[in-house]
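Participant: Can you read through this structure? Questions will come right after.
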Amino acid sequence: MKRIIGKVKRVNGPVIIAKDITDAKMMELVYVGEENIIGEVIKLNGSEATIQVYEDTTGIAPRDNIYGTGNPISVELGPGLIGSIFDGIQRPLEEIRSLSGDFIERGSSPDSISHTKRWHFTPKREVGDILLPGEIIGEVQETERVVNKTMVPPDLSGELKIINIVDEGDYTVTDQIALLEDENGKSHVISLSQRWPIRNPRPVKERNALSVPLITGQRVIDTLFPLAKGGTVAIPGGFGTGKTMTQHAIAQWCDADIIIYIGCGERGNEMTDVLREFPNLIDPRTGRSLMERTILIANTSNMPVSAREASIYTGITMAEYYRDMGYNVAIMADSTSRWAEALRELSGRMEEMPAEEGFPAYLPTRIAQFYERAGNMKTLSGENGSVSIIGAVSPPGGDFSEPVTQHTKRFVRCFWGLDKALASERHYPAISWLDSYSEYLEDVQAWWDDKSEGKWHENRKKIMEIMQKEVRLRQIVKLVGPDALPDSQNFILEVASLFKTAFLQQNAFDMIDRYSTVEKQVRMLSLILHYYDVGLEMINKGIPLVKIRRLSAVQDIARARFNISNDNIEEFDRLELKLDKAVRELGSLYEE
């Protein structure tokens with residue numbers, strides 16, 4: 001219910017100073033002017049209030065009315081979210097386009113999810129049941145892959161007085177499907193949808209330990225720098241290093257149940273590519289459109305800066321909603337640097353004291369609040385669900401020492417640093433094995449060792465040692481040349497080069513190489529390390545490196561990522577036998 005709570009005093013871009021405030025609350029959703037421009041109260045000072053507005057303020061004048069709602073800015077949660085495209089404050093862009101064309105009219109606020117579409121509801125509880133907050137009372141088949149579970153709102157509990165069980169029926173998201181009576185005797189209508197404030201994390205019972213990796217199919221990520229389900233990771237990189245492409249690949253191939261892609265302040269052409277490509281991508285698990293498990297939030301750089309600041313909270317609130325149903329959700333935030341720039345602009349307009357590089361002093365707090373909403377949780381209904389956050393960072397000039405990157409590193413446990421030099425060499429993904437790290441190694445070790453007969457941790461440690469030796473040897477080679485090194489050290493350079501091209505590199509356009517199963521990754525790494533072991537043994541026996549390098553089995557190892565498919569893993573056994581046979585023949589030849 002809207003009511004006049006004050007009038008406009010001053011307008012400074014997306015920041016409005018209001019006067020004559022009578023009954024406003026912090027973080028309250030308000031409407032400015034007769035066009036009902038959406039805003040949020042962010043500061044109260046006596047009879048004045050500061051409001052950040054989520055739309056263009058052109059035409060707003062002093063003494064315009066400000067209308068309060070009494071509620072914080074919230075999102076509508078229910079069936080119909082999957083497959084939709086929203087802006088930063090959950091306005092459905094496709095619906096707006098059908099109403100007003102290619103441009104969003106100011107004050108336009110259609111229903112976030114359709115209030116006319118009917119969904120088939122199947123009840124799971126009976127009249128008389130005592131329901132606790134978050135408990136599941138029924139189900140709706142939202143897409144072929146996603147079952148939307150109707151839950152008691154997290155702030156309600158009581159006895160179920162009415163539930164529509166006479167006939168499994170079709171209902172809109174606003175129809176009453178149940179009636180709950182709380183301990184005070186007050187009745188509450190439950191429908192298929194509910195609202196939740198975007199800045200408040202949804203409650204859970206407890207946090208679970210992180211023990212299962214999020215499998216992405218990208219070998220450099222899964223094998224070297226794994227991310228646990230419920231974990232957080234930053235992908236920093238300069239312009240053109242492949243942040244967006246890496247997130248696209250993860251979105252398509254990772255084993256999360258739900259994908260939420262937040263285009264936060266991205267360029268319009270990049271977001272257009274996302275909106276065009278995602279509906280055409282095929283989910284490898286179902287053979288159907290990837291949009292049947294995806295939500296897109298498009299908030300481009302030319303859209304209001306305040307909505308950019310709100311967009312990541314909109315996305316993570318939706319993620320928590322599906323987490324509470326027991327799903328594993330992955331959020332792609334592209335990019336958190338643009339979000340931080342929005343904070344900086346709003347802070348500057350409010351004349352707050354700037355900190356390093358003009359960012360507000362509360363930047364670390366806001367970054368921490370966002371990433372802390374990730375986790376593997378035991379939900380109020382007893383389900384286990386997770387939210388994993390994959391946040392891209394766009395440091396100016398690729399400088400990882402700038403504030404957003406540095407503060408993000410404090411609050412994430414995984415870091416996939418993108419290298420401009422690798423990107424220039426067309427090495428994809430351009431994730432640096434020197435700058436990147438993962439603190440989830442011990443958490444997921446038991447899972448990986450179970451999949452690799454206990455070899456994963458040792459093999460990973462061994463190949464990382466080889467890559468570190470290669471760095472030191474490259475520095476020597478720059479001084480004295482490769483001919484000055486003995487074959488044993490040149491062989492380290494040879495194996496490191498093979499590992500880069502045959503394992504770390506992946507071709508996103510190749511039908512076989514674009515995705516690697518866990519089994520294939522384990523066998524590929526084992527084979528490369530087996531080549532390292534037998535090669536060193538031959539070199540120690542006096543066999544020249546040039547002879548070992550020319551073995552046809554070695555060339556087959558380099559091409560294995562293209563030639564051996566995920567469902568043909570036994571080919572690695574044949575390739576290993578071929579390598580051993582060739583090495584024996586070479587050894588016997590030199591013994592003679």
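Simple scheme: letters A, B, ... for chains in structure tokens order, numbers from 1 for residues in each chain, numbers from 1 for ligands in the order shown.
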Give me, as a VMD selection string, all polymer residues having an atom no more than 7 Å from Pro154 of chain A, counting only C-alpha atoms and skipping those fewer than 4 positions away in the same chain.

Facilitator: chain A and resid 133 to 134 203

Participant: With segment 315-328 of chain A as the partner and 9 Å as the cut-off, tabulate the residues of segment 151-201 of chain A that qualify, each row holding the nearest pair of atoms and their distance in Å to one decimal, using only C-alpha atoms, sorted by chain and rising number, as a tab-separated table.

Facilitator:
residue	atom	partner	partner_atom	distance
A:Met151	CA	A:Met325	CA	8.1
A:Trp196	CA	A:Thr317	CA	7.7
A:Pro197	CA	A:Thr317	CA	8.0
A:Ile198	CA	A:Thr317	CA	5.7
A:Arg199	CA	A:Thr317	CA	8.0
A:Asn200	CA	A:Thr317	CA	8.2
A:Pro201	CA	A:Thr317	CA	7.1

Participant: Determine, using only C-alpha atoms, which residues of segment 66-155 of chain A have any atom at most 12 Å from an atom of segment 13-37 of chain A, and tabulate each with its shortest atom pair and distance in Å to one decimal place, rows ordered by chain and then rising number, as JSON lines.

Facilitator:
{"residue": "A:Ile66", "atom": "CA", "partner": "A:Val32", "partner_atom": "CA", "distance": 4.6}
{"residue": "A:Tyr67", "atom": "CA", "partner": "A:Tyr31", "partner_atom": "CA", "distance": 5.0}
{"residue": "A:Gly68", "atom": "CA", "partner": "A:Val30", "partner_atom": "CA", "distance": 4.5}
{"residue": "A:Thr69", "atom": "CA", "partner": "A:Val30", "partner_atom": "CA", "distance": 5.9}
{"residue": "A:Gly70", "atom": "CA", "partner": "A:Glu28", "partner_atom": "CA", "distance": 6.1}
{"residue": "A:Asn71", "atom": "CA", "partner": "A:Glu28", "partner_atom": "CA", "distance": 5.4}
{"residue": "A:Pro72", "atom": "CA", "partner": "A:Glu28", "partner_atom": "CA", "distance": 4.3}
{"residue": "A:Ile73", "atom": "CA", "partner": "A:Leu29", "partner_atom": "CA", "distance": 4.9}
{"residue": "A:Ser74", "atom": "CA", "partner": "A:Leu29", "partner_atom": "CA", "distance": 8.4}
{"residue": "A:Val75", "atom": "CA", "partner": "A:Leu29", "partner_atom": "CA", "distance": 11.5}
{"residue": "A:Ile89", "atom": "CA", "partner": "A:Leu29", "partner_atom": "CA", "distance": 11.4}
{"residue": "A:Ile104", "atom": "CA", "partner": "A:Ile37", "partner_atom": "CA", "distance": 11.9}
{"residue": "A:Glu105", "atom": "CA", "partner": "A:Glu35", "partner_atom": "CA", "distance": 9.6}
{"residue": "A:Arg106", "atom": "CA", "partner": "A:Ile37", "partner_atom": "CA", "distance": 6.4}
{"residue": "A:Gly107", "atom": "CA", "partner": "A:Ile37", "partner_atom": "CA", "distance": 4.6}
{"residue": "A:Ser108", "atom": "CA", "partner": "A:Ile37", "partner_atom": "CA", "distance": 8.1}
{"residue": "A:Ser109", "atom": "CA", "partner": "A:Asn36", "partner_atom": "CA", "distance": 9.0}

Participant: Assign secondary structure with DSSP using the backbone only, and return the residues of segment 24-174 of chain A in strand (DSSP E) as a PDB file with C-alpha atoms, in the first residue's frame.

Facilitator:
ATOM      1  CA  GLU A  28      12.544   0.666   2.273  1.00  0.00           C
ATOM      2  CA  LEU A  29      11.294   0.342  -1.290  1.00  0.00           C
ATOM      3  CA  VAL A  30       9.920   3.691  -2.485  1.00  0.00           C
ATOM      4  CA  TYR A  31       8.493   5.197  -5.664  1.00  0.00           C
ATOM      5  CA  VAL A  32       9.538   8.670  -6.793  1.00  0.00           C
ATOM      6  CA  ILE A  37      10.364   5.397 -10.438  1.00  0.00           C
ATOM      7  CA  ILE A  38      11.735   2.650  -8.181  1.00  0.00           C
ATOM      8  CA  GLY A  39      14.134   3.613  -5.390  1.00  0.00           C
ATOM      9  CA  GLU A  40      15.485   2.499  -2.019  1.00  0.00           C
ATOM     10  CA  VAL A  41      16.113   4.452   1.192  1.00  0.00           C
ATOM     11  CA  ILE A  42      19.799   4.144   2.078  1.00  0.00           C
ATOM     12  CA  LYS A  43      20.251   6.968   4.609  1.00  0.00           C
ATOM     13  CA  LEU A  44      18.049   8.753   7.152  1.00  0.00           C
ATOM     14  CA  ASN A  45      18.978  12.048   8.820  1.00  0.00           C
ATOM     15  CA  GLU A  48      15.748  14.088   5.340  1.00  0.00           C
ATOM     16  CA  ALA A  49      16.483  10.825   3.575  1.00  0.00           C
ATOM     17  CA  THR A  50      18.887   9.708   0.855  1.00  0.00           C
ATOM     18  CA  ILE A  51      17.345   7.488  -1.812  1.00  0.00           C
ATOM     19  CA  GLN A  52      19.175   5.579  -4.532  1.00  0.00           C
ATOM     20  CA  VAL A  53      17.045   5.258  -7.642  1.00  0.00           C
ATOM     21  CA  ASN A  65       6.051  13.253  -4.166  1.00  0.00           C
ATOM     22  CA  ILE A  66       7.815  10.200  -2.776  1.00  0.00           C
ATOM     23  CA  TYR A  67       5.671   7.183  -2.005  1.00  0.00           C
ATOM     24  CA  GLY A  68       6.658   4.544   0.554  1.00  0.00           C
ATOM     25  CA  THR A  69       5.676   0.879   0.566  1.00  0.00           C
ATOM     26  CA  GLY A  70       6.750  -0.131   4.067  1.00  0.00           C
ATOM     27  CA  ASN A  71       8.694  -3.087   2.640  1.00  0.00           C
ATOM     28  CA  PRO A  72      12.334  -3.598   1.644  1.00  0.00           C
ATOM     29  CA  SER A  74      12.456  -7.817  -2.646  1.00  0.00           C
ATOM     30  CA  VAL A  75      12.286 -10.387  -5.418  1.00  0.00           C
ATOM     31  CA  GLU A  76       9.378 -12.642  -6.261  1.00  0.00           C
ATOM     32  CA  LEU A  77      10.310 -16.306  -5.982  1.00  0.00           C
ATOM     33  CA  ILE A  85      15.771 -12.943 -18.458  1.00  0.00           C
ATOM     34  CA  PHE A  86      15.622 -10.154 -15.865  1.00  0.00           C
ATOM     35  CA  TRP A 119       1.119 -24.678 -12.866  1.00  0.00           C
ATOM     36  CA  HIS A 120       0.203 -28.233 -11.891  1.00  0.00           C
ATOM     37  CA  PHE A 121       0.595 -28.504  -8.108  1.00  0.00           C
ATOM     38  CA  THR A 122       1.086 -31.859  -6.369  1.00  0.00           C
ATOM     39  CA  PRO A 123       0.658 -31.671  -2.558  1.00  0.00           C
ATOM     40  CA  ILE A 130       2.548 -29.052  11.963  1.00  0.00           C
ATOM     41  CA  LEU A 131       4.873 -27.250   9.572  1.00  0.00           C
ATOM     42  CA  ILE A 136       8.149 -28.470   1.626  1.00  0.00           C
ATOM     43  CA  ILE A 137       4.368 -28.790   1.179  1.00  0.00           C
ATOM     44  CA  GLY A 138       4.144 -29.660  -2.522  1.00  0.00           C
ATOM     45  CA  GLU A 139       5.791 -29.688  -5.929  1.00  0.00           C
ATOM     46  CA  VAL A 140       5.457 -28.098  -9.355  1.00  0.00           C
ATOM     47  CA  GLN A 141       7.270 -29.364 -12.470  1.00  0.00           C
ATOM     48  CA  VAL A 147      11.033 -29.582  -9.859  1.00  0.00           C
ATOM     49  CA  ASN A 148      10.008 -26.410  -8.031  1.00  0.00           C
ATOM     50  CA  LYS A 149       9.226 -27.267  -4.403  1.00  0.00           C
ATOM     51  CA  THR A 150       6.623 -25.099  -2.704  1.00  0.00           C
ATOM     52  CA  MET A 151       7.988 -24.201   0.733  1.00  0.00           C
ATOM     53  CA  GLY A 158       2.122 -23.429  12.278  1.00  0.00           C
ATOM     54  CA  GLU A 159      -0.630 -25.955  11.635  1.00  0.00           C
ATOM     55  CA  LEU A 160      -1.781 -26.721   8.099  1.00  0.00           C
ATOM     56  CA  LYS A 161      -5.506 -25.946   8.019  1.00  0.00           C
ATOM     57  CA  ILE A 162      -6.245 -26.156   4.295  1.00  0.00           C
ATOM     58  CA  ILE A 163      -4.401 -27.686   1.378  1.00  0.00           C
ATOM     59  CA  ASP A 170      -3.537 -26.140 -11.892  1.00  0.00           C
ATOM     60  CA  TYR A 171      -2.949 -22.845 -10.109  1.00  0.00           C
TER      61      TYR A 171
END

Participant: Skipping near chain neighbours, those fewer than 6 positions away, what residues fall within 12 Å of Glu494 of chain A using only C-alpha atoms, listed as a ChimeraX atom specification?

Facilitator: /A:466-467,469-470,473-474,482,487-488,500-502,528,531-532,535-536,545-546,548-550,554,558

Participant: Restrict the selected residues to N, CA and C atoms and save them as a compact mmCIF listing (two decimals), in the first residue's frame.

Facilitator:
# COMPACT_ATOMS: atom_id res chain seq x y z
N ILE A 466 57.00 -30.31 -11.42
CA ILE A 466 57.62 -30.25 -12.75
C ILE A 466 57.44 -28.86 -13.35
N MET A 467 56.23 -28.29 -13.20
CA MET A 467 55.96 -26.97 -13.78
C MET A 467 56.77 -25.88 -13.08
N LYS A 469 59.78 -26.43 -11.68
CA LYS A 469 61.15 -26.62 -12.17
C LYS A 469 61.30 -25.99 -13.55
N GLU A 470 60.26 -26.11 -14.35
CA GLU A 470 60.33 -25.56 -15.71
C GLU A 470 60.55 -24.05 -15.68
N LEU A 473 64.18 -23.41 -14.99
CA LEU A 473 65.01 -23.79 -16.14
C LEU A 473 64.85 -22.82 -17.29
N ARG A 474 63.65 -22.27 -17.48
CA ARG A 474 63.43 -21.28 -18.54
C ARG A 474 64.29 -20.04 -18.31
N PRO A 482 69.37 -23.43 -24.57
CA PRO A 482 68.97 -24.80 -24.22
C PRO A 482 70.09 -25.81 -24.39
N ASP A 487 70.47 -33.41 -20.98
CA ASP A 487 69.20 -33.97 -21.47
C ASP A 487 68.17 -34.15 -20.36
N SER A 488 68.64 -34.47 -19.14
CA SER A 488 67.69 -34.70 -18.04
C SER A 488 66.89 -33.43 -17.73
N LYS A 500 51.37 -28.70 -21.10
CA LYS A 500 50.63 -27.48 -21.46
C LYS A 500 49.73 -27.71 -22.67
N THR A 501 50.29 -28.33 -23.70
CA THR A 501 49.54 -28.48 -24.94
C THR A 501 48.57 -29.66 -24.92
N ALA A 502 48.95 -30.73 -24.22
CA ALA A 502 48.13 -31.95 -24.25
C ALA A 502 47.12 -32.03 -23.11
N ILE A 528 50.83 -38.87 -18.87
CA ILE A 528 51.92 -37.89 -19.04
C ILE A 528 53.01 -38.13 -18.00
N TYR A 531 55.03 -41.17 -18.89
CA TYR A 531 56.02 -40.80 -19.91
C TYR A 531 57.22 -40.12 -19.26
N TYR A 532 56.97 -39.28 -18.28
CA TYR A 532 58.07 -38.60 -17.57
C TYR A 532 58.97 -39.61 -16.86
N GLY A 535 60.81 -41.85 -19.46
CA GLY A 535 61.74 -41.02 -20.22
C GLY A 535 63.01 -40.73 -19.42
N LEU A 536 62.83 -40.37 -18.15
CA LEU A 536 64.00 -40.11 -17.31
C LEU A 536 64.86 -41.37 -17.17
N LEU A 545 67.79 -37.58 -25.81
CA LEU A 545 66.42 -37.04 -25.71
C LEU A 545 65.77 -36.97 -27.08
N VAL A 546 66.56 -36.64 -28.10
CA VAL A 546 65.97 -36.48 -29.44
C VAL A 546 65.33 -37.78 -29.91
N ILE A 548 63.95 -40.11 -27.91
CA ILE A 548 62.73 -40.32 -27.13
C ILE A 548 61.60 -39.42 -27.65
N ARG A 549 61.98 -38.18 -27.97
CA ARG A 549 60.99 -37.19 -28.42
C ARG A 549 60.33 -37.61 -29.72
N ARG A 550 61.05 -38.37 -30.56
CA ARG A 550 60.53 -38.73 -31.88
C ARG A 550 59.65 -39.97 -31.88
N VAL A 554 54.70 -40.78 -28.31
CA VAL A 554 54.71 -39.45 -27.69
C VAL A 554 53.81 -38.50 -28.47
N ALA A 558 50.25 -36.40 -27.29
CA ALA A 558 49.94 -34.99 -27.55
C ALA A 558 48.58 -34.83 -28.23

Participant: Can you tell me, as an MDAnalysis selection string, what residues are no more than 12 Å from Phe509 of chain A when counting only C-alpha atoms, ignoring any on the same chain fewer than 2 positions away?

Facilitator: chainID A and resid 245 249 428 506:507 511:515 562

Participant: Print the selection's residues with N, CA, C and O atoms to a file, as a PDB file, in the first residue's frame.

Facilitator:
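The resulting file, out.pdb, is reproduced below:
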ATOM      1  N   MET A 245      34.331 -16.069 -21.529  1.00  0.00           N
ATOM      2  CA  MET A 245      34.339 -17.368 -22.206  1.00  0.00           C
ATOM      3  C   MET A 245      34.509 -18.508 -21.206  1.00  0.00           C
ATOM      4  O   MET A 245      33.872 -19.559 -21.334  1.00  0.00           O
ATOM      5  N   ALA A 249      31.793 -21.558 -20.520  1.00  0.00           N
ATOM      6  CA  ALA A 249      32.108 -22.986 -20.563  1.00  0.00           C
ATOM      7  C   ALA A 249      31.702 -23.667 -19.264  1.00  0.00           C
ATOM      8  O   ALA A 249      31.139 -24.769 -19.277  1.00  0.00           O
ATOM      9  N   TYR A 428      43.840 -21.569 -24.372  1.00  0.00           N
ATOM     10  CA  TYR A 428      42.547 -21.489 -23.685  1.00  0.00           C
ATOM     11  C   TYR A 428      42.332 -22.766 -22.867  1.00  0.00           C
ATOM     12  O   TYR A 428      42.605 -23.864 -23.371  1.00  0.00           O
ATOM     13  N   GLN A 506      42.558 -26.514 -23.896  1.00  0.00           N
ATOM     14  CA  GLN A 506      41.340 -27.163 -24.363  1.00  0.00           C
ATOM     15  C   GLN A 506      40.727 -26.329 -25.479  1.00  0.00           C
ATOM     16  O   GLN A 506      40.748 -25.095 -25.428  1.00  0.00           O
ATOM     17  N   ASN A 507      40.182 -27.044 -26.454  1.00  0.00           N
ATOM     18  CA  ASN A 507      39.540 -26.377 -27.584  1.00  0.00           C
ATOM     19  C   ASN A 507      38.025 -26.389 -27.358  1.00  0.00           C
ATOM     20  O   ASN A 507      37.389 -27.440 -27.423  1.00  0.00           O
ATOM     21  N   MET A 511      34.478 -31.144 -30.547  1.00  0.00           N
ATOM     22  CA  MET A 511      33.416 -31.948 -29.951  1.00  0.00           C
ATOM     23  C   MET A 511      33.943 -32.867 -28.850  1.00  0.00           C
ATOM     24  O   MET A 511      33.223 -33.192 -27.906  1.00  0.00           O
ATOM     25  N   ILE A 512      35.210 -33.306 -28.956  1.00  0.00           N
ATOM     26  CA  ILE A 512      35.779 -34.210 -27.959  1.00  0.00           C
ATOM     27  C   ILE A 512      36.497 -33.434 -26.866  1.00  0.00           C
ATOM     28  O   ILE A 512      36.342 -33.709 -25.674  1.00  0.00           O
ATOM     29  N   ASP A 513      37.277 -32.430 -27.241  1.00  0.00           N
ATOM     30  CA  ASP A 513      38.177 -31.775 -26.305  1.00  0.00           C
ATOM     31  C   ASP A 513      37.488 -30.741 -25.419  1.00  0.00           C
ATOM     32  O   ASP A 513      38.021 -30.368 -24.380  1.00  0.00           O
ATOM     33  N   ARG A 514      36.300 -30.285 -25.786  1.00  0.00           N
ATOM     34  CA  ARG A 514      35.694 -29.176 -25.040  1.00  0.00           C
ATOM     35  C   ARG A 514      35.272 -29.567 -23.623  1.00  0.00           C
ATOM     36  O   ARG A 514      35.097 -28.714 -22.762  1.00  0.00           O
ATOM     37  N   TYR A 515      35.111 -30.868 -23.378  1.00  0.00           N
ATOM     38  CA  TYR A 515      34.724 -31.334 -22.045  1.00  0.00           C
ATOM     39  C   TYR A 515      35.441 -32.635 -21.744  1.00  0.00           C
ATOM     40  O   TYR A 515      35.456 -33.548 -22.567  1.00  0.00           O
ATOM     41  N   PHE A 562      42.229 -34.888 -28.446  1.00  0.00           N
ATOM     42  CA  PHE A 562      41.319 -34.808 -29.597  1.00  0.00           C
ATOM     43  C   PHE A 562      40.834 -36.185 -30.038  1.00  0.00           C
ATOM     44  O   PHE A 562      39.726 -36.323 -30.556  1.00  0.00           O
TER      45      PHE A 562
END

Participant: Excluding Val471 of chain A and any residue of its chain fewer than 2 positions from it, enumerate the residues within 12 Å of it, using only C-alpha atoms, and give them as a ChimeraX atom specification.

Facilitator: /A:433-434,464-469,473-478,489,492-493,496-497

Participant: Considering only C-alpha atoms, return as a PyMOL selection string whatever protein or nucleic-acid residues lie within 10 Å of Ile569 of chain A, sequence-local ones (same chain, fewer than 2 positions apart) excluded.

Facilitator: chain A and resi 517+519-521+523-524+564-567+571-574

Participant: For the residues in that selection, give me all heavy atoms as a CSV table (one decimal), in the first residue's frame.

Facilitator:
chain,number,residue,atom,x,y,z
A,517,THR,N,35.7,-35.7,-18.8
A,517,THR,CA,35.2,-36.3,-17.6
A,517,THR,C,36.3,-36.5,-16.6
A,517,THR,O,37.5,-36.4,-16.9
A,517,THR,CB,34.6,-37.7,-17.9
A,517,THR,OG1,35.6,-38.6,-18.5
A,517,THR,CG2,33.4,-37.6,-18.9
A,519,GLU,N,37.3,-39.2,-15.2
A,519,GLU,CA,38.1,-40.4,-15.6
A,519,GLU,C,39.1,-40.1,-16.7
A,519,GLU,O,40.3,-40.5,-16.6
A,519,GLU,CB,37.1,-41.6,-16.1
A,519,GLU,CG,36.2,-42.1,-15.0
A,519,GLU,CD,35.0,-41.2,-14.7
A,519,GLU,OE1,34.8,-40.3,-15.5
A,519,GLU,OE2,34.4,-41.5,-13.7
A,520,LYS,N,38.7,-39.3,-17.6
A,520,LYS,CA,39.6,-39.0,-18.7
A,520,LYS,C,40.8,-38.1,-18.2
A,520,LYS,O,41.9,-38.2,-18.5
A,520,LYS,CB,38.9,-38.2,-19.9
A,520,LYS,CG,39.8,-37.9,-21.0
A,520,LYS,CD,39.1,-37.3,-22.2
A,520,LYS,CE,40.0,-36.9,-23.3
A,520,LYS,NZ,39.3,-36.3,-24.5
A,521,GLN,N,40.4,-37.1,-17.3
A,521,GLN,CA,41.4,-36.3,-16.7
A,521,GLN,C,42.5,-37.1,-15.9
A,521,GLN,O,43.7,-36.8,-16.0
A,521,GLN,CB,40.8,-35.2,-15.8
A,521,GLN,CG,39.9,-34.2,-16.6
A,521,GLN,CD,39.3,-33.2,-15.7
A,521,GLN,OE1,40.0,-32.6,-14.9
A,521,GLN,NE2,38.0,-32.9,-15.8
A,523,ARG,N,43.3,-40.2,-16.3
A,523,ARG,CA,44.1,-41.1,-17.2
A,523,ARG,C,45.1,-40.2,-18.0
A,523,ARG,O,46.2,-40.7,-18.2
A,523,ARG,CB,43.2,-41.9,-18.1
A,523,ARG,CG,42.3,-42.9,-17.4
A,523,ARG,CD,43.2,-43.9,-16.5
A,523,ARG,NE,44.3,-44.4,-17.1
A,523,ARG,CZ,44.3,-45.5,-17.9
A,523,ARG,NH1,43.2,-46.2,-18.1
A,523,ARG,NH2,45.4,-45.9,-18.4
A,524,MET,N,44.7,-39.1,-18.4
A,524,MET,CA,45.6,-38.2,-19.2
A,524,MET,C,46.8,-37.8,-18.3
A,524,MET,O,47.9,-37.9,-18.8
A,524,MET,CB,44.8,-37.0,-19.7
A,524,MET,CG,43.8,-37.2,-20.8
A,524,MET,SD,43.0,-35.7,-21.3
A,524,MET,CE,44.2,-34.8,-22.2
A,564,ILE,N,40.8,-39.3,-28.2
A,564,ILE,CA,40.2,-40.3,-27.3
A,564,ILE,C,39.0,-39.6,-26.6
A,564,ILE,O,39.2,-38.6,-25.9
A,564,ILE,CB,41.2,-40.7,-26.2
A,564,ILE,CG1,42.4,-41.4,-26.9
A,564,ILE,CG2,40.6,-41.7,-25.3
A,564,ILE,CD1,43.5,-41.9,-26.0
A,565,SER,N,37.8,-40.1,-26.9
A,565,SER,CA,36.6,-39.5,-26.3
A,565,SER,C,36.4,-40.0,-24.9
A,565,SER,O,37.1,-40.9,-24.4
A,565,SER,CB,35.4,-39.9,-27.2
A,565,SER,OG,35.2,-41.3,-27.1
A,566,ASN,N,35.5,-39.3,-24.2
A,566,ASN,CA,35.2,-39.6,-22.8
A,566,ASN,C,34.7,-41.0,-22.6
A,566,ASN,O,34.8,-41.5,-21.5
A,566,ASN,CB,34.2,-38.6,-22.3
A,566,ASN,CG,34.7,-37.1,-22.2
A,566,ASN,OD1,35.9,-37.0,-21.7
A,566,ASN,ND2,34.0,-36.2,-22.7
A,567,ASP,N,34.0,-41.6,-23.6
A,567,ASP,CA,33.5,-42.9,-23.4
A,567,ASP,C,34.4,-44.0,-24.0
A,567,ASP,O,33.9,-45.1,-24.2
A,567,ASP,CB,32.1,-43.0,-24.0
A,567,ASP,CG,32.0,-42.6,-25.4
A,567,ASP,OD1,33.1,-42.2,-26.0
A,567,ASP,OD2,30.9,-42.6,-26.0
A,571,GLU,N,41.3,-46.6,-24.4
A,571,GLU,CA,42.3,-46.3,-25.3
A,571,GLU,C,43.6,-45.8,-24.6
A,571,GLU,O,44.7,-46.0,-25.2
A,571,GLU,CB,41.8,-45.2,-26.3
A,571,GLU,CG,40.9,-45.7,-27.4
A,571,GLU,CD,41.6,-46.7,-28.3
A,571,GLU,OE1,42.7,-46.5,-28.7
A,571,GLU,OE2,40.9,-47.8,-28.6
A,572,PHE,N,43.5,-45.3,-23.5
A,572,PHE,CA,44.7,-44.8,-22.7
A,572,PHE,C,45.5,-46.0,-22.3
A,572,PHE,O,46.8,-45.9,-22.2
A,572,PHE,CB,44.3,-44.0,-21.5
A,572,PHE,CG,43.8,-42.6,-21.8
A,572,PHE,CD1,42.5,-42.3,-21.8
A,572,PHE,CD2,44.7,-41.6,-22.2
A,572,PHE,CE1,42.1,-41.0,-22.2
A,572,PHE,CE2,44.3,-40.3,-22.5
A,572,PHE,CZ,43.0,-40.0,-22.5
A,573,ASP,N,44.9,-47.2,-22.0
A,573,ASP,CA,45.7,-48.4,-21.7
A,573,ASP,C,46.5,-48.8,-22.9
A,573,ASP,O,47.7,-49.2,-22.8
A,573,ASP,CB,44.7,-49.5,-21.3
A,573,ASP,CG,44.0,-49.2,-20.0
A,573,ASP,OD1,44.6,-48.5,-19.1
A,573,ASP,OD2,42.8,-49.6,-19.8
A,574,ARG,N,45.9,-48.8,-24.1
A,574,ARG,CA,46.6,-49.2,-25.3
A,574,ARG,C,47.7,-48.2,-25.6
A,574,ARG,O,48.8,-48.6,-26.0
A,574,ARG,CB,45.6,-49.2,-26.5
A,574,ARG,CG,44.5,-50.2,-26.3
A,574,ARG,CD,43.7,-50.4,-27.6
A,574,ARG,NE,42.6,-51.3,-27.4
A,574,ARG,CZ,41.3,-50.9,-27.2
A,574,ARG,NH1,41.0,-49.6,-27.0
A,574,ARG,NH2,40.4,-51.8,-27.0
